[in-house]
>>> print(open('input.txt').read())   # compact mmCIF, C-alpha atoms
# COMPACT_ATOMS: atom_id res chain seq x y z
CA MET A 702 0.00 0.00 0.00
CA LYS A 703 1.23 3.48 -0.91
CA ASP A 704 2.65 5.41 2.05
CA CYS A 705 2.93 2.26 4.22
CA ILE A 706 6.44 2.11 5.72
CA PHE A 707 6.37 -1.68 5.95
CA CYS A 708 5.30 -2.04 2.30
CA LYS A 709 8.27 0.18 1.40
CA ILE A 710 10.58 -2.06 3.44
CA ILE A 711 9.19 -5.12 1.61
CA LYS A 712 9.84 -3.44 -1.75
CA GLY A 713 13.38 -2.52 -0.65
CA GLU A 714 12.65 1.21 -0.85
CA ILE A 715 13.50 1.59 2.85
CA PRO A 716 16.36 -0.50 4.31
CA CYS A 717 15.92 -2.92 7.20
CA HIS A 718 17.98 -5.37 9.23
CA LYS A 719 16.52 -8.49 7.66
CA ILE A 720 16.34 -11.62 9.82
CA TYR A 721 14.23 -13.90 7.63
CA GLU A 722 12.24 -13.92 4.41
CA ASP A 723 10.03 -16.40 2.56
CA ASP A 724 7.27 -16.13 -0.06
CA ASN A 725 4.73 -14.79 2.43
CA PHE A 726 6.60 -13.14 5.28
CA LEU A 727 9.48 -10.84 6.15
CA ALA A 728 11.15 -10.51 9.57
CA PHE A 729 13.46 -7.66 10.54
CA LEU A 730 14.72 -5.87 13.65
CA ASP A 731 12.49 -3.19 15.19
CA ILE A 732 14.38 0.11 14.99
CA GLN A 733 12.95 1.14 18.36
CA PRO A 734 13.58 -2.10 20.22
CA ILE A 735 12.21 -2.85 23.67
CA ALA A 736 15.22 -5.20 24.01
CA LYS A 737 18.13 -5.80 21.67
CA GLY A 738 17.01 -8.39 19.12
CA HIS A 739 13.35 -7.25 19.17
CA THR A 740 12.04 -8.53 15.82
CA LEU A 741 8.96 -7.76 13.73
CA ILE A 742 7.33 -10.39 11.52
CA ILE A 743 5.00 -9.14 8.80
CA PRO A 744 3.01 -10.57 5.90
CA LYS A 745 4.30 -9.27 2.57
CA LYS A 746 0.78 -8.51 1.48
CA HIS A 747 -0.73 -5.44 3.12
CA TYR A 748 -3.49 -5.79 5.68
CA ASN A 749 -4.13 -2.94 8.09
CA THR A 750 -4.82 -5.07 11.13
CA PHE A 751 -4.77 -8.61 12.50
CA GLU A 752 -8.54 -8.84 12.36
CA GLU A 753 -8.51 -8.03 8.62
CA THR A 754 -5.73 -10.53 7.85
CA PRO A 755 -6.92 -13.78 6.19
CA SER A 756 -6.84 -16.60 8.72
CA ASP A 757 -4.95 -18.95 6.37
CA LEU A 758 -2.10 -16.44 6.29
CA LEU A 759 -2.18 -16.19 10.09
CA GLU A 760 -1.93 -19.97 10.28
CA LYS A 761 1.21 -19.90 8.16
CA ILE A 762 2.87 -17.13 10.18
CA MET A 763 2.88 -19.16 13.40
CA PRO A 764 5.70 -21.60 12.56
CA VAL A 765 7.75 -18.60 11.37
CA ILE A 766 7.22 -16.84 14.70
CA GLN A 767 8.20 -20.00 16.55
CA LYS A 768 11.33 -20.46 14.46
CA ILE A 769 12.39 -16.85 15.05
CA GLY A 770 11.62 -16.92 18.78
CA ILE A 771 13.80 -20.00 19.22
CA ALA A 772 16.60 -18.43 17.13
CA LEU A 773 16.43 -15.20 19.16
CA LYS A 774 16.70 -17.12 22.39
CA LYS A 775 19.70 -19.13 21.20
CA SER A 776 21.60 -16.31 19.55
CA LEU A 777 21.16 -13.83 22.40
CA ALA A 778 21.30 -16.39 25.23
CA ALA A 779 17.90 -15.04 26.32
CA ASP A 780 15.90 -16.71 29.08
CA GLY A 781 12.57 -16.36 27.27
CA PHE A 782 10.65 -14.22 24.83
CA ASN A 783 7.32 -12.46 24.42
CA ILE A 784 5.14 -12.59 21.34
CA GLY A 785 2.90 -9.59 20.94
CA LEU A 786 0.46 -8.22 18.46
CA ASN A 787 -1.37 -4.91 18.74
CA ASN A 788 -4.66 -4.86 16.88
CA GLY A 789 -5.70 -1.26 16.33
CA GLN A 790 -4.28 2.06 17.44
CA ALA A 791 -5.99 1.82 20.85
CA ALA A 792 -3.89 -1.32 21.42
CA GLY A 793 -0.63 0.48 20.55
CA GLN A 794 -0.47 -0.41 16.85
CA LEU A 795 1.72 2.35 15.37
CA ILE A 796 2.06 1.06 11.79
CA LEU A 797 -1.18 -0.02 10.14
CA HIS A 798 0.29 -3.13 8.50
CA THR A 799 -0.24 -6.36 10.49
CA HIS A 800 2.91 -7.21 12.46
CA PHE A 801 3.92 -9.52 15.28
CA HIS A 802 6.59 -8.55 17.79
CA VAL A 803 9.04 -11.08 19.23
CA ILE A 804 10.91 -9.64 22.21
CA PRO A 805 13.82 -11.44 23.88
CA ARG A 806 13.57 -11.52 27.68
CA PHE A 807 16.10 -11.98 30.43
CA ASN A 808 15.66 -12.88 34.09
CA ASP A 809 15.21 -9.68 36.12
CA ASP A 810 15.24 -7.42 33.05
CA GLY A 811 12.84 -5.06 34.82
CA LEU A 812 9.96 -5.33 32.30
CA HIS A 813 6.76 -5.76 34.25
CA THR A 814 3.36 -6.97 33.14
CA TRP A 815 0.38 -4.60 33.30
CA PRO A 816 -1.59 -4.47 36.57
CA SER A 817 -4.79 -6.47 36.87
CA VAL A 818 -8.25 -5.05 37.51
CA LYS A 819 -10.95 -6.26 39.92
CA CYS A 820 -13.84 -8.18 38.43
CA THR A 821 -16.78 -9.57 40.42
CA GLU A 822 -18.18 -13.08 39.84
CA GLU A 823 -21.32 -11.45 38.45
CA GLU A 824 -19.23 -9.44 35.97
CA PHE A 825 -17.24 -12.53 34.94
CA LYS A 826 -20.51 -14.33 34.17
CA GLN A 827 -22.05 -11.44 32.29
CA ILE A 828 -18.88 -10.87 30.22
CA THR A 829 -18.61 -14.59 29.40
CA GLU A 830 -22.15 -14.69 28.03
CA SER A 831 -21.66 -11.46 26.13
CA ILE A 832 -18.47 -12.69 24.40
CA LYS A 833 -19.91 -16.15 23.66
CA ALA A 834 -22.87 -14.52 21.94
CA LYS A 835 -20.50 -12.80 19.48
CA ILE A 836 -18.35 -15.80 18.53
CA LYS A 837 -19.02 -16.95 15.01
CA MET B 688 -0.17 -33.04 33.32
CA LYS B 689 -0.58 -33.68 37.03
CA ASP B 690 -0.53 -30.52 39.15
CA CYS B 691 -1.07 -28.24 36.12
CA ILE B 692 -3.91 -25.82 36.87
CA PHE B 693 -4.83 -25.50 33.19
CA CYS B 694 -4.96 -29.28 32.73
CA LYS B 695 -7.32 -29.40 35.72
CA ILE B 696 -9.50 -26.72 34.11
CA ILE B 697 -9.59 -28.76 30.88
CA LYS B 698 -10.65 -31.86 32.83
CA GLY B 699 -13.34 -29.84 34.63
CA GLU B 700 -11.69 -30.36 38.03
CA ILE B 701 -11.35 -26.59 38.45
CA PRO B 702 -14.14 -24.31 37.18
CA CYS B 703 -13.61 -21.58 34.60
CA HIS B 704 -15.61 -18.97 32.71
CA LYS B 705 -15.59 -20.78 29.39
CA ILE B 706 -15.70 -18.66 26.24
CA TYR B 707 -15.01 -21.27 23.55
CA GLU B 708 -14.09 -24.92 23.14
CA ASP B 709 -13.26 -27.22 20.24
CA ASP B 710 -11.37 -30.51 19.86
CA ASN B 711 -7.98 -28.90 20.32
CA PHE B 712 -8.44 -25.69 22.28
CA LEU B 713 -10.19 -24.11 25.25
CA ALA B 714 -10.69 -20.39 25.88
CA PHE B 715 -11.75 -18.89 29.20
CA LEU B 716 -11.55 -15.63 31.13
CA ASP B 717 -8.32 -14.86 33.00
CA ILE B 718 -9.21 -14.63 36.70
CA GLN B 719 -6.67 -11.83 37.15
CA PRO B 720 -7.64 -9.77 34.11
CA ILE B 721 -5.63 -6.81 32.85
CA ALA B 722 -8.94 -5.57 31.43
CA LYS B 723 -12.43 -6.98 31.75
CA GLY B 724 -12.83 -9.65 29.07
CA HIS B 725 -9.14 -10.68 29.16
CA THR B 726 -9.23 -14.20 27.73
CA LEU B 727 -6.75 -17.10 27.71
CA ILE B 728 -6.61 -19.59 24.84
CA ILE B 729 -4.87 -22.89 25.52
CA PRO B 730 -4.25 -26.18 23.73
CA LYS B 731 -6.00 -29.06 25.50
CA LYS B 732 -2.83 -31.12 25.30
CA HIS B 733 -0.15 -30.06 27.75
CA TYR B 734 3.00 -28.37 26.52
CA ASN B 735 5.06 -26.33 28.97
CA THR B 736 5.95 -23.54 26.58
CA PHE B 737 5.29 -22.10 23.14
CA GLU B 738 8.66 -23.26 21.88
CA GLU B 739 7.82 -26.86 22.84
CA THR B 740 4.35 -26.76 21.24
CA PRO B 741 4.05 -28.57 17.88
CA SER B 742 3.90 -26.02 15.08
CA ASP B 743 0.85 -27.66 13.46
CA LEU B 744 -1.08 -27.02 16.67
CA LEU B 745 0.12 -23.41 16.71
CA GLU B 746 -1.12 -23.04 13.14
CA LYS B 747 -4.58 -24.19 14.18
CA ILE B 748 -4.75 -21.88 17.20
CA MET B 749 -4.44 -18.73 15.10
CA PRO B 750 -7.96 -18.67 13.58
CA VAL B 751 -9.33 -19.34 17.09
CA ILE B 752 -7.42 -16.35 18.48
CA GLN B 753 -8.69 -14.19 15.62
CA LYS B 754 -12.29 -15.29 16.16
CA ILE B 755 -12.09 -14.56 19.87
CA GLY B 756 -10.36 -11.20 19.42
CA ILE B 757 -13.11 -10.07 17.05
CA ALA B 758 -15.81 -11.33 19.43
CA LEU B 759 -14.19 -9.54 22.40
CA LYS B 760 -14.08 -6.31 20.45
CA LYS B 761 -17.73 -6.55 19.42
CA SER B 762 -19.16 -7.69 22.74
CA LEU B 763 -17.27 -5.16 24.86
CA ALA B 764 -17.33 -2.33 22.30
CA ALA B 765 -13.52 -2.28 22.60
CA ASP B 766 -11.38 -0.12 20.31
CA GLY B 767 -8.73 -2.81 19.81
CA PHE B 768 -7.03 -5.77 21.46
CA ASN B 769 -3.60 -7.14 22.24
CA ILE B 770 -2.50 -10.69 21.66
CA GLY B 771 0.30 -11.80 23.93
CA LEU B 772 2.25 -14.92 24.70
CA ASN B 773 4.92 -15.26 27.36
CA ASN B 774 7.45 -17.97 26.57
CA GLY B 775 9.25 -18.92 29.77
CA GLN B 776 9.19 -17.57 33.30
CA ALA B 777 11.62 -14.75 32.43
CA ALA B 778 8.97 -13.52 29.97
CA GLY B 779 6.27 -13.50 32.64
CA GLN B 780 4.83 -16.99 32.01
CA LEU B 781 3.18 -17.88 35.33
CA ILE B 782 1.52 -21.19 34.35
CA LEU B 783 3.73 -23.64 32.50
CA HIS B 784 1.05 -24.69 29.98
CA THR B 785 1.19 -22.82 26.65
CA HIS B 786 -1.39 -20.02 26.61
CA PHE B 787 -2.18 -16.96 24.56
CA HIS B 788 -3.67 -13.83 26.11
CA VAL B 789 -6.23 -11.69 24.29
CA ILE B 790 -6.73 -8.35 26.04
CA PRO B 791 -9.45 -5.87 25.04
CA ARG B 792 -8.18 -2.29 24.72
CA PHE B 793 -9.87 1.07 24.84
CA ASN B 794 -8.71 4.50 23.69
CA ASP B 795 -6.85 6.20 26.53
CA ASP B 796 -7.09 3.19 28.87
CA GLY B 797 -3.73 4.13 30.36
CA LEU B 798 -1.86 0.92 29.45
CA HIS B 799 1.51 1.91 28.05
CA THR B 800 3.98 -0.06 25.99
CA TRP B 801 7.41 -0.83 27.43
CA PRO B 802 10.17 1.77 26.85
CA SER B 803 12.65 1.22 24.05
CA VAL B 804 16.40 0.82 24.42
CA LYS B 805 19.19 2.42 22.40
CA CYS B 806 20.91 0.24 19.81
CA THR B 807 23.78 1.38 17.57
CA GLU B 808 23.93 0.55 13.86
CA GLU B 809 26.89 -1.72 14.62
CA GLU B 810 24.84 -3.58 17.24
CA PHE B 811 21.86 -3.91 14.87
CA LYS B 812 24.15 -5.49 12.26
CA GLN B 813 25.86 -7.82 14.69
CA ILE B 814 22.54 -8.94 16.24
CA THR B 815 21.01 -9.53 12.78
CA GLU B 816 23.85 -11.84 11.77
CA SER B 817 23.79 -13.63 15.08
CA ILE B 818 20.03 -14.36 14.86
CA LYS B 819 20.17 -15.35 11.18
CA ALA B 820 22.88 -17.89 12.01
CA LYS B 821 20.50 -19.64 14.43
CA ILE B 822 17.42 -19.85 12.18
CA LYS B 823 16.76 -23.39 11.06
>>> encode(input="input.txt", output="structure tokens")
Amino acid sequence: MKDCIFCKIIKGEIPCHKIYEDDNFLAFLDIQPIAKGHTLIIPKKHYNTFEETPSDLLEKIMPVIQKIGIALKKSLAADGFNIGLNNGQAAGQLILHTHFHVIPRFNDDGLHTWPSVKCTEEEFKQITESIKAKIK
Amino acid sequence: MKDCIFCKIIKGEIPCHKIYEDDNFLAFLDIQPIAKGHTLIIPKKHYNTFEETPSDLLEKIMPVIQKIGIALKKSLAADGFNIGLNNGQAAGQLILHTHFHVIPRFNDDGLHTWPSVKCTEEEFKQITESIKAKIK
């Protein structure tokens, strides 16, 4: 898509630190990494968000993410890694081209999970029914 | 697996707020939600971590995650959602049974991404080569 930074990276119009490429996907280092080795994995075809991405393409991306996560861990002697995807700007999606993050993690690296919220049993039940009603 | 809380939930020995179930996967509300509607999606077969989970099972989980993310967004009138997976305790994995998080997000909900770190061009290049060498 015109004016999409990731589409320009795919076309080679903007350089990247390429980690992996196949017919469907490209993986490269995030230039604003949360940890050194933070990698982005994107479909070569443009879709704005995860929810708009065809599910057969999402199926194929999973083994790629796994392969890269394992390689990150080995190469950086990391203790673990996070996989993340932000669907929509409200979720922190900065570039509107579907992308997964893989972030190497180390024991005591100081990155903390978000705090939890209180939810009553009544709310849990009501939310469960409400979500179930929307699953297709 | 004996003593695994998620395996006990699958067997029905511990209750849960079930969102979705099929032959391979179960989805239910996280009891310590980051936001109301925070859902966990797990394979019914026990694997400690993402990296140990067979890739064909990871392929199949993706359309389920997508379906649930879309349902969360609709039912809660959310503006977006995050998908997350913590591989290993260093990454914040509390239960050693592979699980994906889907977290509904709202504009200005106050959840911020982690800060980025500085990385020199030389480091980017060295890290790229080091990861590429470990991809199989």
>>> calpha_fit_and_write(input="input.txt", fixed="chain A", moving="chain B", output="tab-separated table (two decimals) with C-alpha atoms, keeping the file's coordinate frame")
chain	number	residue	atom	x	y	z
B	688	MET	CA	0.00	0.00	-0.01
B	689	LYS	CA	1.23	3.47	-0.91
B	690	ASP	CA	2.66	5.41	2.04
B	691	CYS	CA	2.95	2.27	4.22
B	692	ILE	CA	6.44	2.12	5.72
B	693	PHE	CA	6.36	-1.68	5.94
B	694	CYS	CA	5.29	-2.03	2.30
B	695	LYS	CA	8.26	0.18	1.39
B	696	ILE	CA	10.57	-2.06	3.43
B	697	ILE	CA	9.18	-5.12	1.60
B	698	LYS	CA	9.83	-3.44	-1.76
B	699	GLY	CA	13.37	-2.53	-0.65
B	700	GLU	CA	12.65	1.21	-0.85
B	701	ILE	CA	13.51	1.58	2.84
B	702	PRO	CA	16.36	-0.49	4.32
B	703	CYS	CA	15.91	-2.91	7.20
B	704	HIS	CA	17.96	-5.37	9.24
B	705	LYS	CA	16.51	-8.49	7.67
B	706	ILE	CA	16.33	-11.61	9.82
B	707	TYR	CA	14.22	-13.92	7.64
B	708	GLU	CA	12.25	-13.93	4.41
B	709	ASP	CA	10.04	-16.40	2.57
B	710	ASP	CA	7.27	-16.13	-0.05
B	711	ASN	CA	4.73	-14.80	2.41
B	712	PHE	CA	6.60	-13.15	5.28
B	713	LEU	CA	9.47	-10.84	6.17
B	714	ALA	CA	11.14	-10.50	9.57
B	715	PHE	CA	13.46	-7.66	10.56
B	716	LEU	CA	14.72	-5.86	13.65
B	717	ASP	CA	12.48	-3.19	15.20
B	718	ILE	CA	14.39	0.10	14.99
B	719	GLN	CA	12.96	1.15	18.36
B	720	PRO	CA	13.59	-2.11	20.22
B	721	ILE	CA	12.22	-2.86	23.67
B	722	ALA	CA	15.21	-5.18	24.01
B	723	LYS	CA	18.12	-5.80	21.68
B	724	GLY	CA	17.00	-8.40	19.13
B	725	HIS	CA	13.34	-7.25	19.16
B	726	THR	CA	12.04	-8.53	15.83
B	727	LEU	CA	8.95	-7.76	13.73
B	728	ILE	CA	7.33	-10.39	11.52
B	729	ILE	CA	5.00	-9.14	8.80
B	730	PRO	CA	3.01	-10.57	5.90
B	731	LYS	CA	4.31	-9.27	2.57
B	732	LYS	CA	0.76	-8.50	1.48
B	733	HIS	CA	-0.73	-5.44	3.12
B	734	TYR	CA	-3.49	-5.80	5.68
B	735	ASN	CA	-4.14	-2.94	8.09
B	736	THR	CA	-4.84	-5.08	11.13
B	737	PHE	CA	-4.78	-8.61	12.49
B	738	GLU	CA	-8.55	-8.84	12.37
B	739	GLU	CA	-8.52	-8.03	8.63
B	740	THR	CA	-5.75	-10.54	7.84
B	741	PRO	CA	-6.91	-13.79	6.18
B	742	SER	CA	-6.84	-16.60	8.72
B	743	ASP	CA	-4.94	-18.95	6.38
B	744	LEU	CA	-2.10	-16.43	6.30
B	745	LEU	CA	-2.18	-16.18	10.10
B	746	GLU	CA	-1.93	-19.97	10.28
B	747	LYS	CA	1.22	-19.90	8.17
B	748	ILE	CA	2.86	-17.12	10.19
B	749	MET	CA	2.87	-19.16	13.40
B	750	PRO	CA	5.70	-21.60	12.56
B	751	VAL	CA	7.75	-18.59	11.37
B	752	ILE	CA	7.21	-16.83	14.70
B	753	GLN	CA	8.19	-20.00	16.56
B	754	LYS	CA	11.34	-20.45	14.48
B	755	ILE	CA	12.39	-16.86	15.06
B	756	GLY	CA	11.62	-16.92	18.78
B	757	ILE	CA	13.80	-20.00	19.22
B	758	ALA	CA	16.59	-18.43	17.15
B	759	LEU	CA	16.43	-15.18	19.17
B	760	LYS	CA	16.69	-17.13	22.40
B	761	LYS	CA	19.69	-19.13	21.20
B	762	SER	CA	21.61	-16.31	19.55
B	763	LEU	CA	21.16	-13.83	22.41
B	764	ALA	CA	21.30	-16.40	25.23
B	765	ALA	CA	17.89	-15.05	26.32
B	766	ASP	CA	15.89	-16.72	29.09
B	767	GLY	CA	12.57	-16.37	27.27
B	768	PHE	CA	10.64	-14.21	24.82
B	769	ASN	CA	7.32	-12.46	24.42
B	770	ILE	CA	5.15	-12.59	21.35
B	771	GLY	CA	2.90	-9.59	20.95
B	772	LEU	CA	0.45	-8.20	18.46
B	773	ASN	CA	-1.36	-4.89	18.75
B	774	ASN	CA	-4.66	-4.85	16.89
B	775	GLY	CA	-5.70	-1.25	16.32
B	776	GLN	CA	-4.29	2.08	17.44
B	777	ALA	CA	-5.97	1.83	20.86
B	778	ALA	CA	-3.88	-1.32	21.42
B	779	GLY	CA	-0.65	0.49	20.56
B	780	GLN	CA	-0.47	-0.40	16.84
B	781	LEU	CA	1.72	2.36	15.38
B	782	ILE	CA	2.05	1.06	11.79
B	783	LEU	CA	-1.18	-0.01	10.13
B	784	HIS	CA	0.29	-3.14	8.50
B	785	THR	CA	-0.24	-6.36	10.49
B	786	HIS	CA	2.90	-7.22	12.47
B	787	PHE	CA	3.91	-9.51	15.28
B	788	HIS	CA	6.59	-8.54	17.80
B	789	VAL	CA	9.03	-11.07	19.23
B	790	ILE	CA	10.91	-9.65	22.21
B	791	PRO	CA	13.83	-11.45	23.88
B	792	ARG	CA	13.57	-11.52	27.69
B	793	PHE	CA	16.10	-11.99	30.44
B	794	ASN	CA	15.67	-12.88	34.11
B	795	ASP	CA	15.22	-9.70	36.12
B	796	ASP	CA	15.25	-7.42	33.05
B	797	GLY	CA	12.84	-5.08	34.82
B	798	LEU	CA	9.97	-5.32	32.30
B	799	HIS	CA	6.76	-5.76	34.25
B	800	THR	CA	3.37	-6.98	33.14
B	801	TRP	CA	0.40	-4.61	33.28
B	802	PRO	CA	-1.57	-4.49	36.57
B	803	SER	CA	-4.78	-6.46	36.86
B	804	VAL	CA	-8.24	-5.05	37.50
B	805	LYS	CA	-10.92	-6.26	39.91
B	806	CYS	CA	-13.83	-8.19	38.41
B	807	THR	CA	-16.77	-9.58	40.41
B	808	GLU	CA	-18.17	-13.07	39.83
B	809	GLU	CA	-21.31	-11.44	38.44
B	810	GLU	CA	-19.22	-9.43	35.96
B	811	PHE	CA	-17.23	-12.53	34.93
B	812	LYS	CA	-20.50	-14.34	34.17
B	813	GLN	CA	-22.05	-11.45	32.29
B	814	ILE	CA	-18.88	-10.86	30.22
B	815	THR	CA	-18.60	-14.58	29.40
B	816	GLU	CA	-22.13	-14.68	28.02
B	817	SER	CA	-21.66	-11.46	26.12
B	818	ILE	CA	-18.47	-12.70	24.39
B	819	LYS	CA	-19.89	-16.16	23.65
B	820	ALA	CA	-22.86	-14.52	21.93
B	821	LYS	CA	-20.49	-12.80	19.48
B	822	ILE	CA	-18.35	-15.82	18.53
B	823	LYS	CA	-19.04	-16.96	15.00
>>> closest_residue(input="input.txt", among="B:Pro741, B:Gln813, B:Ala820, B:Ile721", to="chain A", atoms="all atoms listed in the file")
B:Ile721
>>> closest_atom_pairs(input="input.txt", of="chain B", to="chain A", cutoff="6 Å", atoms="all atoms listed in the file", output="Markdown table")
| residue | atom | partner | partner_atom | distance |
| --- | --- | --- | --- | --- |
| B:Ile706 | CA | A:Lys833 | CA | 5.5 |
| B:Gln719 | CA | A:Ser817 | CA | 5.7 |
| B:Pro720 | CA | A:Ser817 | CA | 5.2 |
| B:Ile721 | CA | A:Ser817 | CA | 4.1 |
| B:Ser742 | CA | A:Pro764 | CA | 5.4 |
| B:Glu746 | CA | A:Glu760 | CA | 4.3 |
| B:Met749 | CA | A:Glu760 | CA | 5.6 |
| B:Pro750 | CA | A:Ser756 | CA | 5.4 |
| B:Ala758 | CA | A:Lys835 | CA | 4.9 |
| B:Leu759 | CA | A:Ile832 | CA | 5.7 |
| B:Ser762 | CA | A:Ile832 | CA | 5.3 |
| B:Asp766 | CA | A:Ala791 | CA | 5.8 |
| B:Gly767 | CA | A:Gly789 | CA | 4.9 |
| B:Phe768 | CA | A:Asn788 | CA | 5.2 |
| B:Asn769 | CA | A:Asn787 | CA | 4.7 |
| B:Ile770 | CA | A:Leu786 | CA | 5.0 |
| B:Gly771 | CA | A:Gly785 | CA | 4.5 |
| B:Leu772 | CA | A:Ile784 | CA | 5.0 |
| B:Asn773 | CA | A:Asn783 | CA | 4.7 |
| B:Asn774 | CA | A:Phe782 | CA | 5.2 |
| B:Gly775 | CA | A:Gly781 | CA | 4.9 |
| B:Ala777 | CA | A:Asn808 | CA | 4.8 |
| B:Ala778 | CA | A:Gly781 | CA | 5.3 |
| B:Arg792 | CA | A:Ala792 | CA | 5.5 |
| B:Phe793 | CA | A:Ala791 | CA | 5.6 |
| B:Asn794 | CA | A:Ala791 | CA | 4.8 |
| B:Pro802 | CA | A:Ile735 | CA | 6.0 |
| B:Ser803 | CA | A:Ile735 | CA | 4.1 |
| B:Val804 | CA | A:Ile735 | CA | 5.6 |
| B:Thr815 | CA | A:Ile720 | CA | 5.9 |
| B:Ser817 | CA | A:Ser776 | CA | 5.7 |
| B:Ile818 | CA | A:Ser776 | CA | 5.3 |
| B:Lys819 | CA | A:Ile720 | CA | 5.5 |
| B:Lys821 | CA | A:Ala772 | CA | 4.9 |
| B:Ile822 | CA | A:Ala772 | CA | 5.2 |
>>> atom_distance(input="input.txt", atom1="atom CA of B:Leu727", atom2="atom CA of A:Ile796")
25.7 Å
